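Some notes on the structure that comes next.
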Amino acid sequence: MEYLILALIAAGIWYYFKAKKPEHHDGSPKIELPIKITVSSSPDSSFSPDKVDSGAITETIDGFILNPKSPCPLTITDLTRAEAVALKGYLDEEVNWGRKIREIAYILAQSNGKCKEVDEYVEKYRPQYLASIERLKAESPEWNVAPEKDKEDLLSEFRQEALNVLPVKPSNPEVLDALFEDAPSDVTADDKLIEMFDQDTELYRFYVSQLWSAGQVRNVPADDYYRKRYEALVQKGLARRGQDIALEEILSGLRLKDINQAIQGLIEKPFGRKAKAIEFALTVPDIKDRLGKHVAFREMFQIRKPEGVDVQEIQRCYKHANAVATILRDTYVSGIRTLKTLNEAKGADFDYWEICAEGCCAHCAPFHGKKYKRKPSKIPPFHIGCGCEVEGGYD
Ligand SMILES: [Zn+2]
């Protein structure tokens with residue numbers, strides 16, 4: 001990697017001296033090193049010669065604009081510059097099919113970062129969405145008389161319909177559920193937990209990703225890829241191990257076959273149902289010794305919920321951060337695609353420009369297949385999460 005960076009810097013210096021320095025109208029030389037590419041920001045990203053520059057991160061009173069050259073710039077607030085740089089690095093990797101959504105979501109969640117354009121979208125369209133649901137309820141002859149479970153079913157239909165009729169929506173509309181319905185009321189819910197991990201972001205992310213299964217007993221053998229992480233969580237008091245796990249919970253984490261084996265000789269024939277087997281096993285005084293002959297307690301781990309932390313709220317935070325991350329990614333990548341077309345157009349002399357809006361939203365649909373003699377004044381992404389494309393072609 002160091003060699004690559006050195007090579008890039010060398011290339012940058014070479015370019016700089018070779019290229020004539022263009023003068024600004026104010027007479028000051030315009031210094032634009034091609035080395036401005038986000039090398040320092042994303043050490044992992046592989047350099048590709050036709051990498052498209054979406055513009056250097058720009059600080060404004062609203063926050064950091066990640067991609068000022070894009071037709072749909074994204075403004076991030078509540079982040080440090082270093083976090084914004086890392087975020088842009090991950091987005092650039094997404095352009096090259098790197099899978100970095102989790103990393104992007106993590107930066108947003110742990111910094112409580114927000115995207116101004118996403119917030120504006122929610123502010124504008126959430127009221128429309130909620131109004132549609134209320135209208136559908138009022139129009140429904142079933143709603144008022146439906147029993148509780150049917151109401152839940154009706155409501156999910158209404159939500160779907162309310163999303164369908166939104167004029168502008170991301171090409172991945174499922175993210176709207178987290179933004180409209182399940183928004184965290186307290187984005188700082190995870191702050192206390194993050195503190196407990198003291199910079200160990202890998203372990204923190206692992207823990208959060210496992211929280212859904214808190215309480216379940218897992219068998220994690222010594223050669224398991226995640227074994228060390230489970231052990232580290234035990235150290236932090238966020239997981240129990242082996243004999244520290246309640247006997248009943250150990251039993252429920254075992255296979256029926258293993259329990260039957262441990263109580264062999266005490267029963268006439270093996271139990272056919274696990275619940276019955278557990279019930280019986282709990283009455284056997286030396287059950288731990290018996291189990292110990294068949295299973296390794298040391299391999300058993302149980303994730304615990306953190307004390308004094310609202311886990312549901314944390315999960316909402318992550319769901320929300322994931323939704324914002326997906327929108328950022330889609331908008332950023334769409335912008336890069338357009339910038340690439342614009343770059344290609346420079347020497348290409350296209351006969352026409354065409355918009356492809358397939359699979360986007362009602363707002364974009366009328367543009368689909370439209371051909372323009374000149375570069376259209378409005379080019380995608382037309383809105384956040386827009387999946388439209390513009391292409392040049394020849395008759
Ligand atoms: Zn679109």
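Identifiers in this document derive from the order of the structure tokens: chains are assigned A, B, ..., residues are numbered from 1 separately in each chain, and ligands are numbered from 1 in order of occurrence.
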Taking only C-alpha atoms and all ligand atoms and a cut-off of 7 Å, can you tell me which residues surround ligand 1, written as a short mmCIF file (atom, residue, chain, number, x, y, z; two decimals) with N, CA, C and O atoms, in the first residue's frame?
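result.cif, written as the output of this step:
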```cif
data_model
loop_
_atom_site.label_atom_id
_atom_site.label_comp_id
_atom_site.auth_asym_id
_atom_site.auth_seq_id
_atom_site.Cartn_x
_atom_site.Cartn_y
_atom_site.Cartn_z
N SER A 171 -34.83 4.38 -4.79
CA SER A 171 -35.00 3.18 -5.60
C SER A 171 -34.97 1.92 -4.73
O SER A 171 -35.35 0.85 -5.18
N ALA A 357 -34.63 5.49 -16.40
CA ALA A 357 -35.24 5.66 -15.07
C ALA A 357 -35.98 4.40 -14.64
O ALA A 357 -36.86 4.45 -13.79
N CYS A 360 -37.03 3.25 -10.83
CA CYS A 360 -36.88 4.30 -9.82
C CYS A 360 -38.28 4.62 -9.27
O CYS A 360 -38.98 3.73 -8.82
N CYS A 361 -38.71 5.86 -9.31
CA CYS A 361 -39.99 6.18 -8.66
C CYS A 361 -40.91 6.93 -9.62
O CYS A 361 -40.55 7.20 -10.76
N CYS A 364 -39.53 9.98 -11.34
CA CYS A 364 -38.51 9.79 -12.38
C CYS A 364 -39.07 9.04 -13.60
O CYS A 364 -38.53 9.19 -14.70
N PRO A 380 -29.43 12.82 -13.47
CA PRO A 380 -29.54 12.05 -12.23
C PRO A 380 -28.24 12.08 -11.40
O PRO A 380 -27.19 12.32 -11.97
N PRO A 381 -28.34 11.80 -10.10
CA PRO A 381 -29.55 11.48 -9.35
C PRO A 381 -30.46 12.69 -9.14
O PRO A 381 -30.01 13.75 -8.76
N PHE A 382 -31.75 12.47 -9.40
CA PHE A 382 -32.73 13.55 -9.32
C PHE A 382 -33.18 13.82 -7.88
O PHE A 382 -33.81 14.82 -7.60
N HIS A 383 -32.92 12.86 -7.01
CA HIS A 383 -33.34 12.99 -5.60
C HIS A 383 -32.52 11.98 -4.82
O HIS A 383 -31.83 11.14 -5.41
N CYS A 386 -31.97 8.02 -5.68
CA CYS A 386 -32.39 7.87 -7.09
C CYS A 386 -31.46 6.89 -7.79
O CYS A 386 -30.24 6.96 -7.66
N GLY A 387 -32.06 5.98 -8.55
CA GLY A 387 -31.24 4.96 -9.26
C GLY A 387 -31.18 5.22 -10.74
O GLY A 387 -30.83 4.32 -11.51
N CYS A 388 -31.54 6.42 -11.17
CA CYS A 388 -31.57 6.71 -12.60
C CYS A 388 -30.16 6.89 -13.17
O CYS A 388 -29.22 7.15 -12.44
#
```
Mind the document's chain letters and residue numbers, and return as a PDB file with C-alpha atoms, in the first residue's frame the residues of stretch 56-281 of chain A that DSSP labels alpha helix (DSSP H).
```
ATOM      1  CA  ARG A  81     -13.655  15.829   9.345  1.00  0.00           C
ATOM      2  CA  ALA A  82     -11.777  12.563   9.886  1.00  0.00           C
ATOM      3  CA  GLU A  83     -15.093  10.672  10.062  1.00  0.00           C
ATOM      4  CA  ALA A  84     -16.346  12.443   6.937  1.00  0.00           C
ATOM      5  CA  VAL A  85     -13.131  11.493   5.131  1.00  0.00           C
ATOM      6  CA  ALA A  86     -13.507   7.867   6.207  1.00  0.00           C
ATOM      7  CA  LEU A  87     -17.152   7.899   5.100  1.00  0.00           C
ATOM      8  CA  LYS A  88     -16.232   9.205   1.662  1.00  0.00           C
ATOM      9  CA  GLY A  89     -13.513   6.563   1.424  1.00  0.00           C
ATOM     10  CA  TYR A  90     -16.074   3.818   2.044  1.00  0.00           C
ATOM     11  CA  LEU A  91     -18.494   5.352  -0.470  1.00  0.00           C
ATOM     12  CA  ASP A  92     -15.711   5.365  -3.071  1.00  0.00           C
ATOM     13  CA  GLU A  93     -15.165   1.704  -2.344  1.00  0.00           C
ATOM     14  CA  GLU A  94     -18.882   1.066  -2.845  1.00  0.00           C
ATOM     15  CA  VAL A  95     -18.501   2.602  -6.310  1.00  0.00           C
ATOM     16  CA  ILE A 101     -22.555  -0.466   4.048  1.00  0.00           C
ATOM     17  CA  ARG A 102     -21.875  -1.832   7.518  1.00  0.00           C
ATOM     18  CA  GLU A 103     -18.865   0.416   7.953  1.00  0.00           C
ATOM     19  CA  ILE A 104     -20.825   3.426   6.739  1.00  0.00           C
ATOM     20  CA  ALA A 105     -23.714   2.636   9.072  1.00  0.00           C
ATOM     21  CA  TYR A 106     -21.285   2.204  11.938  1.00  0.00           C
ATOM     22  CA  ILE A 107     -19.700   5.634  11.415  1.00  0.00           C
ATOM     23  CA  LEU A 108     -23.162   7.199  11.342  1.00  0.00           C
ATOM     24  CA  ALA A 109     -24.394   5.323  14.395  1.00  0.00           C
ATOM     25  CA  GLN A 110     -21.398   5.882  16.628  1.00  0.00           C
ATOM     26  CA  SER A 111     -21.023   9.557  15.731  1.00  0.00           C
ATOM     27  CA  LYS A 116     -29.206  16.879   5.731  1.00  0.00           C
ATOM     28  CA  GLU A 117     -30.828  15.804   2.455  1.00  0.00           C
ATOM     29  CA  VAL A 118     -32.255  12.627   4.005  1.00  0.00           C
ATOM     30  CA  ASP A 119     -33.667  14.646   6.903  1.00  0.00           C
ATOM     31  CA  GLU A 120     -35.249  17.087   4.468  1.00  0.00           C
ATOM     32  CA  TYR A 121     -36.785  14.225   2.538  1.00  0.00           C
ATOM     33  CA  VAL A 122     -38.270  12.703   5.692  1.00  0.00           C
ATOM     34  CA  GLU A 123     -39.569  16.071   6.809  1.00  0.00           C
ATOM     35  CA  LYS A 124     -41.303  16.575   3.478  1.00  0.00           C
ATOM     36  CA  TYR A 125     -42.665  13.114   2.724  1.00  0.00           C
ATOM     37  CA  ARG A 126     -43.347  11.530   6.090  1.00  0.00           C
ATOM     38  CA  PRO A 127     -46.424  13.738   6.657  1.00  0.00           C
ATOM     39  CA  GLN A 128     -47.733  12.695   3.209  1.00  0.00           C
ATOM     40  CA  TYR A 129     -47.129   9.061   4.057  1.00  0.00           C
ATOM     41  CA  LEU A 130     -48.917   9.323   7.400  1.00  0.00           C
ATOM     42  CA  ALA A 131     -51.813  11.226   5.807  1.00  0.00           C
ATOM     43  CA  SER A 132     -52.219   8.447   3.214  1.00  0.00           C
ATOM     44  CA  ILE A 133     -52.438   5.860   5.986  1.00  0.00           C
ATOM     45  CA  GLU A 134     -55.107   7.883   7.781  1.00  0.00           C
ATOM     46  CA  ARG A 135     -57.052   8.297   4.528  1.00  0.00           C
ATOM     47  CA  LEU A 136     -56.887   4.551   3.853  1.00  0.00           C
ATOM     48  CA  LYS A 137     -58.144   3.829   7.367  1.00  0.00           C
ATOM     49  CA  ALA A 138     -61.055   6.226   6.905  1.00  0.00           C
ATOM     50  CA  GLU A 139     -61.944   4.742   3.529  1.00  0.00           C
ATOM     51  CA  GLU A 148     -56.659  -6.576  16.688  1.00  0.00           C
ATOM     52  CA  LYS A 149     -54.663  -9.026  14.552  1.00  0.00           C
ATOM     53  CA  ASP A 150     -56.595  -8.114  11.431  1.00  0.00           C
ATOM     54  CA  LYS A 151     -55.914  -4.470  12.193  1.00  0.00           C
ATOM     55  CA  GLU A 152     -52.170  -5.201  12.199  1.00  0.00           C
ATOM     56  CA  ASP A 153     -52.557  -6.924   8.851  1.00  0.00           C
ATOM     57  CA  LEU A 154     -54.611  -4.060   7.430  1.00  0.00           C
ATOM     58  CA  LEU A 155     -52.133  -1.527   8.726  1.00  0.00           C
ATOM     59  CA  SER A 156     -49.205  -3.195   6.989  1.00  0.00           C
ATOM     60  CA  GLU A 157     -51.255  -3.132   3.767  1.00  0.00           C
ATOM     61  CA  PHE A 158     -51.982   0.565   4.259  1.00  0.00           C
ATOM     62  CA  ARG A 159     -48.304   1.300   4.909  1.00  0.00           C
ATOM     63  CA  GLN A 160     -47.351  -0.467   1.723  1.00  0.00           C
ATOM     64  CA  GLU A 161     -49.962   1.447  -0.224  1.00  0.00           C
ATOM     65  CA  ALA A 162     -48.894   4.745   1.375  1.00  0.00           C
ATOM     66  CA  LEU A 163     -45.331   4.077   0.192  1.00  0.00           C
ATOM     67  CA  ASN A 164     -46.574   3.153  -3.278  1.00  0.00           C
ATOM     68  CA  VAL A 175     -35.330   1.808   3.716  1.00  0.00           C
ATOM     69  CA  LEU A 176     -38.282   4.125   4.260  1.00  0.00           C
ATOM     70  CA  ASP A 191     -23.251   6.056  23.330  1.00  0.00           C
ATOM     71  CA  LYS A 192     -22.987   4.387  26.730  1.00  0.00           C
ATOM     72  CA  LEU A 193     -22.402   1.016  25.125  1.00  0.00           C
ATOM     73  CA  ILE A 194     -19.755   2.389  22.755  1.00  0.00           C
ATOM     74  CA  GLU A 195     -17.904   3.728  25.803  1.00  0.00           C
ATOM     75  CA  MET A 196     -17.813   0.239  27.293  1.00  0.00           C
ATOM     76  CA  PHE A 197     -15.877  -0.971  24.258  1.00  0.00           C
ATOM     77  CA  THR A 201     -14.908  -1.076  17.168  1.00  0.00           C
ATOM     78  CA  GLU A 202     -14.647  -4.590  15.742  1.00  0.00           C
ATOM     79  CA  LEU A 203     -15.767  -6.157  19.000  1.00  0.00           C
ATOM     80  CA  TYR A 204     -18.467  -3.551  19.473  1.00  0.00           C
ATOM     81  CA  ARG A 205     -19.908  -4.212  16.049  1.00  0.00           C
ATOM     82  CA  PHE A 206     -19.778  -7.924  16.626  1.00  0.00           C
ATOM     83  CA  TYR A 207     -21.621  -7.535  19.922  1.00  0.00           C
ATOM     84  CA  VAL A 208     -24.321  -5.326  18.431  1.00  0.00           C
ATOM     85  CA  SER A 209     -24.776  -7.745  15.536  1.00  0.00           C
ATOM     86  CA  GLN A 210     -25.313 -10.596  18.022  1.00  0.00           C
ATOM     87  CA  ARG A 227     -14.334 -17.681  19.426  1.00  0.00           C
ATOM     88  CA  LYS A 228     -11.891 -14.956  20.551  1.00  0.00           C
ATOM     89  CA  ARG A 229     -14.650 -12.357  20.326  1.00  0.00           C
ATOM     90  CA  TYR A 230     -16.960 -14.393  22.516  1.00  0.00           C
ATOM     91  CA  GLU A 231     -14.150 -14.754  25.039  1.00  0.00           C
ATOM     92  CA  ALA A 232     -13.527 -11.010  24.985  1.00  0.00           C
ATOM     93  CA  LEU A 233     -17.227 -10.391  25.625  1.00  0.00           C
ATOM     94  CA  VAL A 234     -17.079 -12.718  28.645  1.00  0.00           C
ATOM     95  CA  GLN A 235     -14.193 -10.553  29.958  1.00  0.00           C
ATOM     96  CA  LEU A 247     -28.505 -25.092  33.654  1.00  0.00           C
ATOM     97  CA  GLU A 248     -31.918 -24.772  32.072  1.00  0.00           C
ATOM     98  CA  GLU A 249     -30.507 -22.433  29.438  1.00  0.00           C
ATOM     99  CA  ILE A 250     -27.597 -24.769  28.729  1.00  0.00           C
ATOM    100  CA  LEU A 251     -30.063 -27.599  28.238  1.00  0.00           C
ATOM    101  CA  SER A 252     -32.227 -25.593  25.892  1.00  0.00           C
ATOM    102  CA  GLY A 253     -29.110 -24.810  23.832  1.00  0.00           C
ATOM    103  CA  LEU A 256     -32.318 -33.371  22.011  1.00  0.00           C
ATOM    104  CA  LYS A 257     -29.919 -36.177  21.086  1.00  0.00           C
ATOM    105  CA  ASP A 258     -27.278 -34.887  23.527  1.00  0.00           C
ATOM    106  CA  ILE A 259     -29.747 -34.594  26.409  1.00  0.00           C
ATOM    107  CA  ASN A 260     -31.106 -38.079  25.759  1.00  0.00           C
ATOM    108  CA  GLN A 261     -27.561 -39.400  25.757  1.00  0.00           C
ATOM    109  CA  ALA A 262     -26.788 -37.738  29.108  1.00  0.00           C
ATOM    110  CA  LYS A 274     -36.972 -31.437  23.928  1.00  0.00           C
ATOM    111  CA  ALA A 275     -39.169 -29.667  26.467  1.00  0.00           C
ATOM    112  CA  LYS A 276     -39.971 -32.961  28.168  1.00  0.00           C
ATOM    113  CA  ALA A 277     -36.317 -34.010  28.110  1.00  0.00           C
ATOM    114  CA  ILE A 278     -35.236 -30.713  29.719  1.00  0.00           C
ATOM    115  CA  GLU A 279     -37.933 -30.984  32.358  1.00  0.00           C
ATOM    116  CA  PHE A 280     -36.718 -34.449  33.304  1.00  0.00           C
ATOM    117  CA  ALA A 281     -33.005 -33.583  33.123  1.00  0.00           C
TER     118      ALA A 281
END
```
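The gap separating atom CA of A:Ser213 from atom CA of A:Asp198 is 23.0 Å, in Å to one decimal.
Of note, atom CA of A:Pro73 and atom CA of A:Leu179 are spaced 19.9 Å apart.
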A:Ile303, A:Ile314, A:Leu74, A:Ala296: which is nearest A:Ala189, counting only C-alpha atoms?
A:Ile314
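Atom CA of A:Asn67 is positioned 26.8 Å from atom CA of A:Gly369.
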Output as a ChimeraX atom specification all residues of stretch 127-315 of chain A that backbone DSSP marks as strand (DSSP E or B).
/A:217-219,239-241,264,267,300-303
Which residues come within 10 Å of A:Tyr352, counting only C-alpha atoms, excluding same-chain residues fewer than 4 positions away, as number ranges by chain?
A: 370-376, 391-395
Write a file of the just-selected residues containing C-alpha atoms, as a PDB file, in the first residue's frame.
```
ATOM      1  CA  LYS A 370     -36.341  10.264 -23.035  1.00  0.00           C
ATOM      2  CA  LYS A 371     -33.763  11.394 -25.554  1.00  0.00           C
ATOM      3  CA  TYR A 372     -32.204  14.840 -25.629  1.00  0.00           C
ATOM      4  CA  LYS A 373     -30.169  16.430 -28.390  1.00  0.00           C
ATOM      5  CA  ARG A 374     -27.988  18.210 -25.837  1.00  0.00           C
ATOM      6  CA  LYS A 375     -26.984  17.363 -22.337  1.00  0.00           C
ATOM      7  CA  PRO A 376     -30.215  17.643 -20.321  1.00  0.00           C
ATOM      8  CA  GLU A 391     -26.113   7.830 -21.111  1.00  0.00           C
ATOM      9  CA  GLY A 392     -24.759   9.252 -24.318  1.00  0.00           C
ATOM     10  CA  GLY A 393     -25.368   7.573 -27.653  1.00  0.00           C
ATOM     11  CA  TYR A 394     -25.038   7.780 -31.419  1.00  0.00           C
ATOM     12  CA  ASP A 395     -27.734   7.631 -34.075  1.00  0.00           C
TER      13      ASP A 395
END
```
May I have the residues within 9 Å of A:Pro173 as JSON, numbers by chain, using only C-alpha atoms and disregarding those fewer than 4 positions away in the same chain?
{"A": [163, 169, 177, 385]}
